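**Student:** File input00.cif below, mmCIF, C-alpha atoms:
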data_structure
loop_
_atom_site.label_atom_id
_atom_site.label_comp_id
_atom_site.auth_asym_id
_atom_site.auth_seq_id
_atom_site.Cartn_x
_atom_site.Cartn_y
_atom_site.Cartn_z
CA MET R 1 172.72 -27.09 115.99
CA ARG R 2 175.28 -25.08 113.98
CA MET R 3 174.66 -24.89 110.27
CA ARG R 4 177.52 -25.66 107.88
CA PRO R 5 178.97 -22.76 105.81
CA ARG R 6 177.83 -24.49 102.62
CA ARG R 7 174.21 -24.35 103.74
CA TRP R 8 174.56 -20.60 104.22
CA THR R 9 176.04 -20.14 100.74
CA GLN R 10 173.27 -22.31 99.28
CA ILE R 11 170.64 -20.15 100.98
CA ALA R 12 172.49 -17.01 99.87
CA GLY R 13 172.76 -18.38 96.30
CA THR R 14 169.05 -19.17 96.19
CA LEU R 15 168.14 -15.72 97.49
CA ALA R 16 170.67 -13.95 95.26
CA ALA R 17 169.17 -15.65 92.22
CA ASN R 18 165.58 -14.96 93.29
CA PRO R 19 165.31 -11.75 95.32
CA TRP R 20 162.57 -9.98 93.28
CA PHE R 21 159.89 -10.15 95.99
CA VAL R 22 158.47 -6.94 94.53
CA TYR R 23 156.59 -9.30 92.19
CA LEU R 24 154.32 -10.38 95.02
CA SER R 25 152.78 -6.90 95.18
CA THR R 26 153.25 -5.62 91.61
CA ARG R 27 152.91 -8.90 89.63
CA THR R 28 155.56 -7.57 87.26
CA ILE R 29 158.72 -9.55 86.58
CA TYR R 30 162.14 -7.90 86.87
CA GLN R 31 163.15 -6.25 83.60
CA GLY R 32 166.39 -4.48 84.52
CA ASP R 33 169.91 -4.92 83.19
CA LEU R 34 170.80 -7.80 85.52
CA LYS R 35 168.58 -10.05 83.40
CA GLY R 36 171.39 -9.85 80.85
CA VAL R 37 173.77 -11.50 83.35
CA CYS R 38 173.82 -15.28 83.56
CA PHE R 39 173.56 -16.95 86.97
CA PRO R 40 176.18 -19.70 87.38
CA GLY R 41 173.65 -22.23 88.71
CA LEU R 42 170.49 -23.70 87.20
CA ASN R 43 167.80 -21.14 88.01
CA CYS R 44 164.85 -20.58 85.69
CA TYR R 45 164.59 -16.97 84.52
CA ALA R 46 160.87 -17.43 84.11
CA CYS R 47 160.72 -17.53 87.91
CA PRO R 48 158.82 -14.37 88.90
CA LEU R 49 161.44 -13.70 91.59
CA ALA R 50 164.47 -14.22 89.30
CA LEU R 51 166.97 -11.43 88.84
CA PHE R 52 169.38 -13.14 86.42
CA SER R 53 169.20 -15.27 83.30
CA CYS R 54 169.60 -19.04 83.23
CA PRO R 55 172.73 -19.88 81.21
CA MET R 56 171.13 -23.01 79.77
CA GLY R 57 167.93 -21.17 78.83
CA SER R 58 169.99 -18.40 77.21
CA LEU R 59 172.17 -20.92 75.39
CA GLN R 60 169.13 -22.70 73.94
CA HIS R 61 167.49 -19.43 72.95
CA SER R 62 170.73 -18.33 71.21
CA LEU R 63 170.87 -21.60 69.27
CA ALA R 64 167.15 -21.50 68.49
CA THR R 65 167.47 -18.04 66.94
CA LEU R 66 170.29 -19.35 64.72
CA SER R 67 168.08 -22.22 63.58
CA PRO R 68 167.32 -22.33 59.84
CA ARG R 69 163.68 -22.88 60.86
CA LYS R 70 163.58 -19.63 62.82
CA SER R 71 165.63 -17.38 60.57
CA GLY R 72 164.01 -18.27 57.23
CA GLY R 73 162.12 -15.34 55.78
CA SER R 74 162.56 -13.02 58.75
CA SER R 75 164.54 -9.82 58.98
CA PHE R 76 166.85 -11.74 61.31
CA VAL R 77 168.75 -13.25 58.36
CA HIS R 78 169.75 -9.77 57.27
CA GLN R 79 171.54 -9.08 60.53
CA ALA R 80 175.34 -9.26 60.54
CA TRP R 81 176.53 -12.73 61.50
CA THR R 82 178.45 -11.20 64.40
CA ALA R 83 175.19 -9.96 65.91
CA ARG R 84 173.60 -13.39 65.37
CA VAL R 85 176.33 -15.36 67.12
CA ALA R 86 177.02 -12.76 69.84
CA PRO R 87 174.65 -14.17 72.51
CA LEU R 88 175.96 -17.68 71.85
CA LEU R 89 179.57 -16.54 72.29
CA TYR R 90 178.68 -14.64 75.45
CA VAL R 91 176.92 -17.60 77.08
CA VAL R 92 179.48 -20.20 75.95
CA GLY R 93 182.30 -17.96 77.20
CA PHE R 94 180.54 -17.44 80.53
CA VAL R 95 179.71 -21.11 81.19
CA GLY R 96 183.14 -22.22 79.97
CA LEU R 97 185.01 -19.76 82.16
CA VAL R 98 183.05 -20.71 85.28
CA GLY R 99 183.72 -24.38 84.50
CA VAL R 100 187.42 -24.03 83.79
CA VAL R 101 188.06 -21.90 86.90
CA PHE R 102 185.76 -23.58 89.43
CA GLY R 103 184.76 -26.93 87.93
CA ARG R 104 181.39 -27.94 89.40
CA LEU R 105 181.84 -25.85 92.53
CA PRO R 106 178.74 -23.69 91.78
CA CYS R 107 176.64 -26.91 91.77
CA GLY R 108 177.73 -27.66 95.31
CA TRP R 109 177.70 -24.19 96.80
CA ILE R 110 175.12 -21.90 95.16
CA CYS R 111 172.80 -23.78 92.79
CA PRO R 112 169.20 -23.50 94.12
CA PHE R 113 168.17 -26.81 92.54
CA GLY R 114 171.19 -28.56 94.04
CA PHE R 115 170.24 -27.10 97.42
CA LEU R 116 166.72 -28.48 97.07
CA GLN R 117 168.11 -31.94 96.34
CA ASP R 118 170.42 -31.84 99.36
CA LEU R 119 167.44 -30.92 101.57
CA LEU R 120 165.08 -33.57 100.19
CA TYR R 121 167.66 -36.31 100.65
CA LYS R 122 167.63 -35.56 104.38
CA ILE R 123 164.09 -36.98 104.65
CA PRO R 124 164.55 -40.29 106.46
CA THR R 125 163.56 -43.06 104.03
CA PRO R 126 165.29 -46.16 102.62
CA LYS R 127 167.94 -44.91 100.18
CA LEU R 128 168.85 -46.09 96.69
CA ARG R 129 172.21 -45.82 94.92
CA LEU R 130 172.46 -44.64 91.35
CA PRO R 131 174.25 -46.94 88.90
CA ALA R 132 177.46 -45.39 87.52
CA TRP R 133 176.28 -45.51 83.90
CA ALA R 134 173.29 -43.27 84.68
CA ARG R 135 175.58 -40.22 84.88
CA PHE R 136 176.08 -40.31 81.09
CA PHE R 137 172.47 -39.25 80.54
CA LYS R 138 173.34 -35.70 81.57
CA TYR R 139 175.78 -35.45 78.65
CA ALA R 140 172.98 -36.57 76.33
CA ALA R 141 170.74 -33.92 77.92
CA LEU R 142 173.40 -31.31 77.13
CA GLY R 143 174.32 -32.51 73.65
CA VAL R 144 170.93 -33.53 72.32
CA LEU R 145 168.27 -31.56 74.22
CA ALA R 146 170.16 -28.34 75.06
CA LEU R 147 172.41 -27.98 71.98
CA MET R 148 171.30 -29.96 68.92
CA ALA R 149 167.53 -29.91 69.29
CA PRO R 150 167.18 -26.12 69.84
CA TYR R 151 169.28 -25.46 66.72
CA LEU R 152 167.37 -27.95 64.60
CA SER R 153 163.87 -27.16 65.86
CA GLY R 154 164.12 -23.46 66.68
CA THR R 155 162.69 -24.02 70.19
CA SER R 156 164.22 -24.29 73.68
CA THR R 157 163.78 -28.05 73.85
CA TYR R 158 165.39 -28.73 77.22
CA CYS R 159 163.47 -25.87 78.88
CA ARG R 160 160.23 -27.50 77.77
CA LEU R 161 161.09 -30.54 79.90
CA CYS R 162 163.15 -28.93 82.68
CA PRO R 163 161.80 -29.73 86.18
CA ALA R 164 163.55 -26.63 87.58
CA GLY R 165 161.57 -24.57 85.07
CA VAL R 166 158.25 -25.97 86.18
CA LEU R 167 159.07 -25.64 89.88
CA GLU R 168 160.52 -22.12 89.70
CA GLY R 169 158.69 -20.76 86.67
CA ALA R 170 155.48 -22.47 85.61
CA LEU R 171 154.04 -23.31 89.04
CA PRO R 172 154.61 -19.90 90.70
CA LEU R 173 153.24 -18.16 87.61
CA LYS R 174 150.18 -20.42 87.66
CA ILE R 175 149.56 -19.72 91.35
CA LEU R 176 150.42 -16.02 91.24
CA PRO R 177 149.84 -14.97 87.61
CA PRO R 178 151.35 -11.75 86.25
CA GLU R 179 149.25 -8.71 85.33
CA ALA R 180 148.37 -10.04 81.88
CA PRO R 181 146.08 -13.11 82.09
CA LEU R 182 147.68 -16.47 81.31
CA PRO R 183 146.22 -18.81 78.72
CA ALA R 184 144.64 -22.09 79.85
CA THR R 185 147.18 -24.86 80.44
CA GLY R 186 147.14 -27.98 78.30
CA TRP R 187 148.38 -31.56 78.60
CA PHE R 188 151.98 -30.44 78.24
CA PHE R 189 151.81 -28.58 81.55
CA TRP R 190 150.66 -31.76 83.28
CA LEU R 191 153.43 -33.76 81.62
CA LYS R 192 155.91 -31.29 83.08
CA ILE R 193 154.30 -31.60 86.49
CA ALA R 194 154.69 -35.40 86.23
CA ILE R 195 158.41 -35.04 85.36
CA LEU R 196 158.89 -32.71 88.32
CA ALA R 197 157.01 -35.07 90.68
CA LEU R 198 159.16 -37.98 89.52
CA PHE R 199 162.38 -36.08 90.18
CA LEU R 200 161.18 -34.77 93.56
CA ALA R 201 160.36 -38.32 94.69
CA TRP R 202 163.71 -39.55 93.37
CA MET R 203 165.54 -36.77 95.25
CA VAL R 204 164.21 -38.14 98.55
CA VAL R 205 165.74 -41.59 98.03
CA THR R 206 168.85 -40.89 95.92
CA LYS R 207 171.63 -38.34 96.30
CA ARG R 208 171.21 -35.49 93.78
CA PRO R 209 169.66 -37.55 90.95
CA PHE R 210 168.95 -34.49 88.79
CA CYS R 211 172.53 -33.16 89.00
CA ARG R 212 173.94 -36.58 88.20
CA THR R 213 171.65 -37.67 85.38
CA ALA R 214 169.83 -34.75 83.81
CA CYS R 215 171.44 -31.34 84.38
CA PRO R 216 172.96 -29.92 81.18
CA LEU R 217 174.71 -27.13 83.08
CA GLY R 218 176.30 -29.67 85.43
CA ALA R 219 177.34 -31.67 82.36
CA ALA R 220 179.00 -28.60 80.81
CA TYR R 221 180.91 -27.88 84.03
CA ALA R 222 181.76 -31.60 84.37
CA LEU R 223 183.43 -31.63 80.96
CA LEU R 224 185.79 -28.89 82.16
CA ALA R 225 186.26 -30.13 85.73
CA PRO R 226 189.33 -32.32 84.96
CA VAL R 227 191.28 -29.22 83.85
CA SER R 228 189.75 -26.70 86.26
CA LEU R 229 191.93 -24.41 88.36
CA TYR R 230 190.06 -25.31 91.55
CA ARG R 231 190.68 -28.94 92.34
CA MET R 232 190.77 -31.63 94.95
CA GLU R 233 193.80 -33.66 95.98
CA VAL R 234 194.11 -36.82 98.05
CA ASP R 235 197.28 -37.82 99.86
CA GLU R 236 197.68 -41.48 98.92
CA GLU R 237 199.99 -42.15 101.83
CA LYS R 238 197.46 -40.93 104.40
CA CYS R 239 194.31 -42.33 102.74
CA THR R 240 193.14 -45.71 104.07
CA ARG R 241 190.10 -45.92 101.75
CA CYS R 242 187.76 -46.02 104.74
CA GLU R 243 184.92 -44.62 102.55
CA GLU R 244 184.06 -41.91 105.09
CA CYS R 245 184.32 -39.50 102.14
CA ARG R 246 181.71 -41.39 100.14
CA SER R 247 179.28 -41.58 103.03
CA VAL R 248 179.06 -37.76 103.21
CA CYS R 249 179.44 -37.06 99.47
CA PRO R 250 176.29 -35.46 97.96
CA VAL R 251 177.04 -37.13 94.62
CA ASP R 252 178.09 -40.46 96.13
CA ILE R 253 181.68 -40.74 94.86
CA SER R 254 184.86 -41.98 96.51
CA ILE R 255 187.11 -38.98 95.97
CA TYR R 256 190.33 -41.00 96.40
CA GLU R 257 189.53 -42.93 93.20
CA ASN R 258 189.69 -39.79 91.09
CA PRO R 259 190.14 -36.37 92.74
CA ASP R 260 189.49 -34.73 89.34
CA SER R 261 186.20 -36.61 88.93
CA PRO R 262 183.72 -34.79 86.66
CA GLU R 263 181.02 -35.79 89.14
CA CYS R 264 182.62 -33.96 92.08
CA VAL R 265 180.71 -30.77 93.01
CA ARG R 266 183.65 -29.49 95.14
CA CYS R 267 181.40 -29.20 98.20
CA LEU R 268 184.36 -30.12 100.46
CA ASP R 269 182.18 -32.25 102.76
CA CYS R 270 184.69 -35.10 102.26
CA LYS R 271 187.59 -32.83 103.25
CA LYS R 272 185.83 -32.04 106.52
CA ALA R 273 184.80 -35.64 107.16
CA CYS R 274 188.18 -37.28 106.46
CA PRO R 275 189.50 -38.49 109.83
CA LEU R 276 193.10 -38.50 108.51
CA GLU R 277 192.98 -35.08 106.81
CA ALA R 278 194.12 -36.72 103.59
CA ILE R 279 191.98 -34.50 101.35
CA THR R 280 193.00 -30.98 100.33
CA SER R 281 191.62 -28.51 97.83
CA GLY R 282 192.47 -25.17 96.28
CA PHE R 283 193.37 -23.23 93.17
CA ARG R 284 196.34 -25.05 91.70
CA LEU R 285 197.35 -26.84 88.55
CA ALA R 286 200.06 -29.36 89.14
CA ALA R 287 199.50 -32.92 90.21
CA GLY R 288 201.53 -33.30 93.36
CA SER R 289 201.93 -29.56 93.99
CA GLY R 290 201.82 -28.37 97.55
CA GLY R 291 203.44 -31.51 98.87
CA THR R 292 200.57 -33.91 98.19
CA SER R 293 200.27 -36.76 95.77
CA THR R 294 197.17 -37.13 93.66
CA ALA R 295 195.50 -40.47 93.15
CA GLN R 296 194.27 -41.02 89.61
CA GLN R 297 191.69 -43.54 88.54
CA MET A 1 206.93 -31.76 85.55
CA ALA A 2 205.75 -32.63 82.05
CA ALA A 3 202.32 -33.49 83.44
CA PHE A 4 202.20 -30.10 85.17
CA TRP A 5 202.98 -28.18 81.99
CA LYS A 6 200.52 -30.25 79.97
CA ARG A 7 197.71 -29.55 82.41
CA ALA A 8 198.71 -25.92 82.95
CA GLY A 9 198.95 -25.40 79.20
CA THR A 10 195.50 -26.88 78.60
CA THR A 11 193.91 -24.87 81.40
CA TYR A 12 195.47 -21.53 80.46
CA ALA A 13 194.83 -22.06 76.75
CA LEU A 14 191.18 -22.78 77.54
CA ILE A 15 190.94 -19.71 79.76
CA ALA A 16 192.43 -17.54 77.01
CA VAL A 17 190.02 -18.93 74.38
CA LEU A 18 187.00 -18.59 76.68
CA VAL A 19 187.88 -15.03 77.74
CA ALA A 20 188.21 -14.12 74.05
CA THR A 21 184.86 -15.80 73.33
CA LEU A 22 183.16 -13.95 76.19
CA VAL A 23 184.65 -10.58 75.22
CA LEU A 24 183.70 -11.00 71.55
CA GLY A 25 180.18 -11.98 72.59
CA LEU A 26 179.90 -8.87 74.74
CA LEU A 27 181.41 -6.54 72.13
CA TRP A 28 179.06 -7.78 69.43
CA GLY A 29 175.97 -7.22 71.56
CA GLY A 30 175.44 -10.60 73.22
CA PHE A 31 174.54 -9.04 76.56
CA ASP A 32 171.67 -7.03 75.05
CA LYS A 33 170.27 -10.09 73.28
CA VAL A 34 170.36 -12.21 76.44
CA LEU A 35 168.76 -9.29 78.29
CA ALA A 36 166.05 -8.95 75.64
CA ASN A 37 165.29 -12.66 75.96
CA GLY A 38 165.41 -12.60 79.76
CA VAL A 39 162.84 -9.87 80.30
CA ILE A 40 160.03 -11.78 78.61
CA ILE A 41 158.47 -14.97 79.90
CA CYS A 42 158.34 -17.66 77.25
CA LEU A 43 155.11 -19.38 78.26
CA GLU A 44 155.61 -22.08 75.66
CA CYS A 45 159.08 -22.87 77.03
CA ILE A 46 157.82 -23.43 80.57
CA GLY A 47 154.80 -25.41 79.44
CA LEU A 48 152.11 -22.88 80.27
CA ILE A 49 150.64 -23.04 76.77
#
Represent the supplied structure as structure tokens.

**Tutor:**
Amino acid sequence: MRMRPRRWTQIAGTLAANPWFVYLSTRTIYQGDLKGVCFPGLNCYACPLALFSCPMGSLQHSLATLSPRKSGGSSFVHQAWTARVAPLLYVVGFVGLVGVVFGRLPCGWICPFGFLQDLLYKIPTPKLRLPAWARFFKYAALGVLALMAPYLSGTSTYCRLCPAGVLEGALPLKILPPEAPLPATGWFFWLKIAILALFLAWMVVTKRPFCRTACPLGAAYALLAPVSLYRMEVDEEKCTRCEECRSVCPVDISIYENPDSPECVRCLDCKKACPLEAITSGFRLAAGSGGTSTAQQ
Amino acid sequence: MAAFWKRAGTTYALIAVLVATLVLGLLWGGFDKVLANGVIICLECIGLI
């Protein structure tokens, strides 16, 4: 059976984000300059194999260091404000640029956690659909847990609950600890394991539940998707609304209802599946450019 | 045509603002701070404490 190009890019994305297999013999995490570069998908930088930083982890850390709770009484307050906001500007600029150029394309093509969800959904079980309102939880995850709470509390609040963090960071480190001994784990570790187990079970029965309800990075890209350079278009004259697009869509949307949908991960599975070739995609701005009309919800 | 310019204007204005944000962040040392954070494992953040 031939594997789709997207599967190859998902494998490549997962390996590109986590190629530090040296850890297995040295038990030392990567500490080179690439850790200063953000990876455009959700990939925990506490993963012993990780080469890059997680943009959401870096964003929370930047906000946490600006927190009045953190800065009070430390030498940090004496730093120039430009140095204090610099990491925040860097991460916001990076995430924003990826979102405004590609929309949620990285979620569909290179995100390791998205890849995991696509694979788990292939397990043959009865499937459940996600109600449309559930998608708004990811914006709350971004606004409250990844932006407000780190600033107010001085801690990386979302990271403390993130199932990707426990799967890629906490569990591997527990199984293969680094050179320095790890402290004993408490109840919080087991709470995180329970959150991960819940999401893993959900991934088997529902299409990409984490991306659609809980991912703050996906939410940030989703906010920019309607104005992104890379976009989908549907030819209204060709489209018969047969729902073939929805049946293959990893986020369970009917693309003809809104080609600029913030939920769309630009995986292009619908484009391939459309029997009438009514769906196109590419880097363009204008509605109706390239001889196609765009259906709007 | 008006819709095109509205969308194009929004997209290009956002790109300009975000490029400026990214460049300022890099010039003021944002890369080094992200790097400094990335090379340590925050055990508390990942629930190992």

**Student:** From the options A:Leu22, A:Ala2, A:Cys42, A:Leu14, which residue's atoms come nearest to chain R, counting all atoms listed in the file?

**Tutor:**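 Of A:Leu22, A:Ala2, A:Cys42, A:Leu14, the one nearest chain R, counting all atoms listed in the file, is A:Leu22.
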
**Student:** Where does chain A meet chain R within 6 Å, residue by residue, with the nearest atom pair and distance in Å to one decimal for each, counting all atoms listed in the file, listed by chain and rising number, as CSV?

**Tutor:**
residue,atom,partner,partner_atom,distance
A:Phe4,CA,R:Ala286,CA,4.6
A:Ala8,CA,R:Leu285,CA,5.8
A:Thr11,CA,R:Val227,CA,5.6
A:Leu18,CA,R:Gly93,CA,4.8
A:Thr21,CA,R:Gly93,CA,5.1
A:Leu22,CA,R:Gly93,CA,4.2
A:Gly25,CA,R:Tyr90,CA,4.2
A:Leu26,CA,R:Tyr90,CA,5.9
A:Trp28,CA,R:Ala86,CA,5.4
A:Gly29,CA,R:Ala86,CA,5.9
A:Gly30,CA,R:Pro87,CA,3.7
A:Phe31,CA,R:Gly36,CA,5.4
A:Val34,CA,R:Gly36,CA,5.1
A:Leu35,CA,R:Gly36,CA,3.7
A:Gly38,CA,R:Lys35,CA,5.5
A:Val39,CA,R:Gln31,CA,4.9
A:Ile41,CA,R:Ala46,CA,5.4
A:Cys45,CA,R:Arg160,CA,4.8
A:Ile46,CA,R:Arg160,CA,5.5
A:Gly47,CA,R:Phe189,CA,4.8
A:Leu48,CA,R:Thr185,CA,5.3
A:Ile49,CA,R:Thr185,CA,5.4

**Student:** What is the distance, in Å and to one decimal place, between CA of Phe39 in chain R and CA of Ala16 in chain R?

**Tutor:**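 Result for CA of Phe39 in chain R versus CA of Ala16 in chain R: 9.3 Å, one decimal.
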
**Student:** Report, in Å with one decimal, the straight-line distance from CA of Pro40 in chain R to CA of Gly114 in chain R.

**Tutor:**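 Computing it gives 12.2 Å between the two atoms.
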
**Student:** For each of R:Gln60, R:Ile195, R:Arg129, R:Ala214, take the minimum atom-to-atom distance to Met148 in chain R, counting all atoms listed in the file, then give the residue where this is smallest.

**Tutor:** R:Gln60

**Student:** Taking the file above as input, evaluate the PyMOL selection byres ((chain R and resi 23) around 10) and report the hits as number ranges by chain.

**Tutor:** R: 19-22, 24-30, 48-50, 176-178

**Student:** What gap, in Å, lies between CA of Glu277 in chain R and CA of Arg2 in chain R?

**Tutor:**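 CA of Glu277 in chain R sits 21.6 Å away from CA of Arg2 in chain R.
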
**Student:** Kindly compute an axis-aligned box around the listed atoms of range 262-266 of chain R, allowing 8 Å on each side, and express its centre and edge lengths in Å to one decimal as lines of an AutoDock Vina configuration file.

**Tutor:**
center_x = 182.2
center_y = -32.6
center_z = 90.9
size_x = 19.0
size_y = 22.3
size_z = 24.5

**Student:** For the file shown, what are the residues hit by the PyMOL selection byres ((chain R and resi 207-212) around 7), laid out as a ChimeraX atom specification?

**Tutor:** /R:114,117-118,121,135,138,199,202-203,205-206,213-215,218,250-252

**Student:** Take the residues from that selection and write them out as an mmCIF file, keeping the file's coordinate frame, keeping C-alpha atoms.

**Tutor:**
data_model
loop_
_atom_site.group_PDB
_atom_site.id
_atom_site.type_symbol
_atom_site.label_atom_id
_atom_site.label_comp_id
_atom_site.auth_asym_id
_atom_site.auth_seq_id
_atom_site.Cartn_x
_atom_site.Cartn_y
_atom_site.Cartn_z
ATOM 1 C CA GLY R 114 171.190 -28.560 94.040
ATOM 2 C CA GLN R 117 168.110 -31.940 96.340
ATOM 3 C CA ASP R 118 170.420 -31.840 99.360
ATOM 4 C CA TYR R 121 167.660 -36.310 100.650
ATOM 5 C CA ARG R 135 175.580 -40.220 84.880
ATOM 6 C CA LYS R 138 173.340 -35.700 81.570
ATOM 7 C CA PHE R 199 162.380 -36.080 90.180
ATOM 8 C CA TRP R 202 163.710 -39.550 93.370
ATOM 9 C CA MET R 203 165.540 -36.770 95.250
ATOM 10 C CA VAL R 205 165.740 -41.590 98.030
ATOM 11 C CA THR R 206 168.850 -40.890 95.920
ATOM 12 C CA THR R 213 171.650 -37.670 85.380
ATOM 13 C CA ALA R 214 169.830 -34.750 83.810
ATOM 14 C CA CYS R 215 171.440 -31.340 84.380
ATOM 15 C CA GLY R 218 176.300 -29.670 85.430
ATOM 16 C CA PRO R 250 176.290 -35.460 97.960
ATOM 17 C CA VAL R 251 177.040 -37.130 94.620
ATOM 18 C CA ASP R 252 178.090 -40.460 96.130
#

**Student:** From the list R:Arg7, R:Lys127, R:Arg69, R:Arg266, which residue is nearest Ile279 in chain R when using only C-alpha atoms?

**Tutor:** R:Arg266

**Student:** Closest to Ala278 in chain R among R:Arg231, R:Arg241, R:Arg4, R:Arg104, using only C-alpha atoms?

**Tutor:** R:Arg241

**Student:** Fewer than 2 positions away in the same chain doesn't count, so skip those; otherwise give me all residues within 12 Å of Tyr139 in chain R, counting only C-alpha atoms, as a PDB file with C-alpha atoms, keeping the file's coordinate frame.

**Tutor:**
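Generated output (selection-v1.pdb):
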ATOM      1  CA  TRP R 133     176.280 -45.510  83.900  1.00  0.00           C
ATOM      2  CA  ALA R 134     173.290 -43.270  84.680  1.00  0.00           C
ATOM      3  CA  ARG R 135     175.580 -40.220  84.880  1.00  0.00           C
ATOM      4  CA  PHE R 136     176.080 -40.310  81.090  1.00  0.00           C
ATOM      5  CA  PHE R 137     172.470 -39.250  80.540  1.00  0.00           C
ATOM      6  CA  ALA R 141     170.740 -33.920  77.920  1.00  0.00           C
ATOM      7  CA  LEU R 142     173.400 -31.310  77.130  1.00  0.00           C
ATOM      8  CA  GLY R 143     174.320 -32.510  73.650  1.00  0.00           C
ATOM      9  CA  VAL R 144     170.930 -33.530  72.320  1.00  0.00           C
ATOM     10  CA  LEU R 145     168.270 -31.560  74.220  1.00  0.00           C
ATOM     11  CA  ALA R 146     170.160 -28.340  75.060  1.00  0.00           C
ATOM     12  CA  LEU R 147     172.410 -27.980  71.980  1.00  0.00           C
ATOM     13  CA  CYS R 211     172.530 -33.160  89.000  1.00  0.00           C
ATOM     14  CA  ARG R 212     173.940 -36.580  88.200  1.00  0.00           C
ATOM     15  CA  THR R 213     171.650 -37.670  85.380  1.00  0.00           C
ATOM     16  CA  ALA R 214     169.830 -34.750  83.810  1.00  0.00           C
ATOM     17  CA  CYS R 215     171.440 -31.340  84.380  1.00  0.00           C
ATOM     18  CA  PRO R 216     172.960 -29.920  81.180  1.00  0.00           C
ATOM     19  CA  LEU R 217     174.710 -27.130  83.080  1.00  0.00           C
ATOM     20  CA  GLY R 218     176.300 -29.670  85.430  1.00  0.00           C
ATOM     21  CA  ALA R 219     177.340 -31.670  82.360  1.00  0.00           C
ATOM     22  CA  ALA R 220     179.000 -28.600  80.810  1.00  0.00           C
ATOM     23  CA  TYR R 221     180.910 -27.880  84.030  1.00  0.00           C
ATOM     24  CA  ALA R 222     181.760 -31.600  84.370  1.00  0.00           C
ATOM     25  CA  LEU R 223     183.430 -31.630  80.960  1.00  0.00           C
ATOM     26  CA  PRO R 262     183.720 -34.790  86.660  1.00  0.00           C
ATOM     27  CA  GLU R 263     181.020 -35.790  89.140  1.00  0.00           C
TER      28      GLU R 263
END

**Student:** Using the chain letters and numbering of this document, enumerate as a short mmCIF file (atom, residue, chain, number, x, y, z; two decimals) with C-alpha atoms, keeping the file's coordinate frame the residues selected by the PyMOL selection byres ((chain R and resi 9-15) around 9).

**Tutor:**
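Final file, part-v3.cif:
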data_model
loop_
_atom_site.label_atom_id
_atom_site.label_comp_id
_atom_site.auth_asym_id
_atom_site.auth_seq_id
_atom_site.Cartn_x
_atom_site.Cartn_y
_atom_site.Cartn_z
CA PRO R 5 178.97 -22.76 105.81
CA ARG R 6 177.83 -24.49 102.62
CA ARG R 7 174.21 -24.35 103.74
CA TRP R 8 174.56 -20.60 104.22
CA ALA R 16 170.67 -13.95 95.26
CA ALA R 17 169.17 -15.65 92.22
CA ASN R 18 165.58 -14.96 93.29
CA PRO R 19 165.31 -11.75 95.32
CA GLY R 41 173.65 -22.23 88.71
CA ASN R 43 167.80 -21.14 88.01
CA GLY R 108 177.73 -27.66 95.31
CA TRP R 109 177.70 -24.19 96.80
CA ILE R 110 175.12 -21.90 95.16
CA CYS R 111 172.80 -23.78 92.79
CA PRO R 112 169.20 -23.50 94.12
CA PHE R 113 168.17 -26.81 92.54
CA GLY R 114 171.19 -28.56 94.04
CA PHE R 115 170.24 -27.10 97.42
#

**Student:** Write out N, CA, C and O atoms for range 46-53 of chain R, as a PDB file, keeping the file's coordinate frame.

**Tutor:**
ATOM      1  N   ALA R  46     162.308 -17.683  84.145  1.00  0.00           N
ATOM      2  CA  ALA R  46     160.870 -17.430  84.110  1.00  0.00           C
ATOM      3  C   ALA R  46     160.301 -17.367  85.530  1.00  0.00           C
ATOM      4  O   ALA R  46     159.128 -17.050  85.712  1.00  0.00           O
ATOM      5  N   CYS R  47     161.157 -17.672  86.519  1.00  0.00           N
ATOM      6  CA  CYS R  47     160.720 -17.530  87.910  1.00  0.00           C
ATOM      7  C   CYS R  47     160.381 -16.062  88.163  1.00  0.00           C
ATOM      8  O   CYS R  47     161.190 -15.187  87.858  1.00  0.00           O
ATOM      9  N   PRO R  48     159.180 -15.779  88.693  1.00  0.00           N
ATOM     10  CA  PRO R  48     158.820 -14.370  88.900  1.00  0.00           C
ATOM     11  C   PRO R  48     159.737 -13.621  89.858  1.00  0.00           C
ATOM     12  O   PRO R  48     159.755 -12.393  89.866  1.00  0.00           O
ATOM     13  N   LEU R  49     160.513 -14.357  90.659  1.00  0.00           N
ATOM     14  CA  LEU R  49     161.440 -13.700  91.590  1.00  0.00           C
ATOM     15  C   LEU R  49     162.852 -13.565  91.023  1.00  0.00           C
ATOM     16  O   LEU R  49     163.717 -12.966  91.655  1.00  0.00           O
ATOM     17  N   ALA R  50     163.094 -14.147  89.826  1.00  0.00           N
ATOM     18  CA  ALA R  50     164.470 -14.220  89.300  1.00  0.00           C
ATOM     19  C   ALA R  50     165.018 -12.860  88.885  1.00  0.00           C
ATOM     20  O   ALA R  50     164.309 -12.023  88.331  1.00  0.00           O
ATOM     21  N   LEU R  51     166.307 -12.677  89.184  1.00  0.00           N
ATOM     22  CA  LEU R  51     166.970 -11.430  88.840  1.00  0.00           C
ATOM     23  C   LEU R  51     167.916 -11.622  87.644  1.00  0.00           C
ATOM     24  O   LEU R  51     168.229 -10.683  86.928  1.00  0.00           O
ATOM     25  N   PHE R  52     168.383 -12.862  87.460  1.00  0.00           N
ATOM     26  CA  PHE R  52     169.380 -13.140  86.420  1.00  0.00           C
ATOM     27  C   PHE R  52     168.815 -14.112  85.381  1.00  0.00           C
ATOM     28  O   PHE R  52     167.753 -14.689  85.571  1.00  0.00           O
ATOM     29  N   SER R  53     169.608 -14.316  84.332  1.00  0.00           N
ATOM     30  CA  SER R  53     169.200 -15.270  83.300  1.00  0.00           C
ATOM     31  C   SER R  53     169.775 -16.641  83.577  1.00  0.00           C
ATOM     32  O   SER R  53     170.861 -16.765  84.157  1.00  0.00           O
TER      33      SER R  53
END
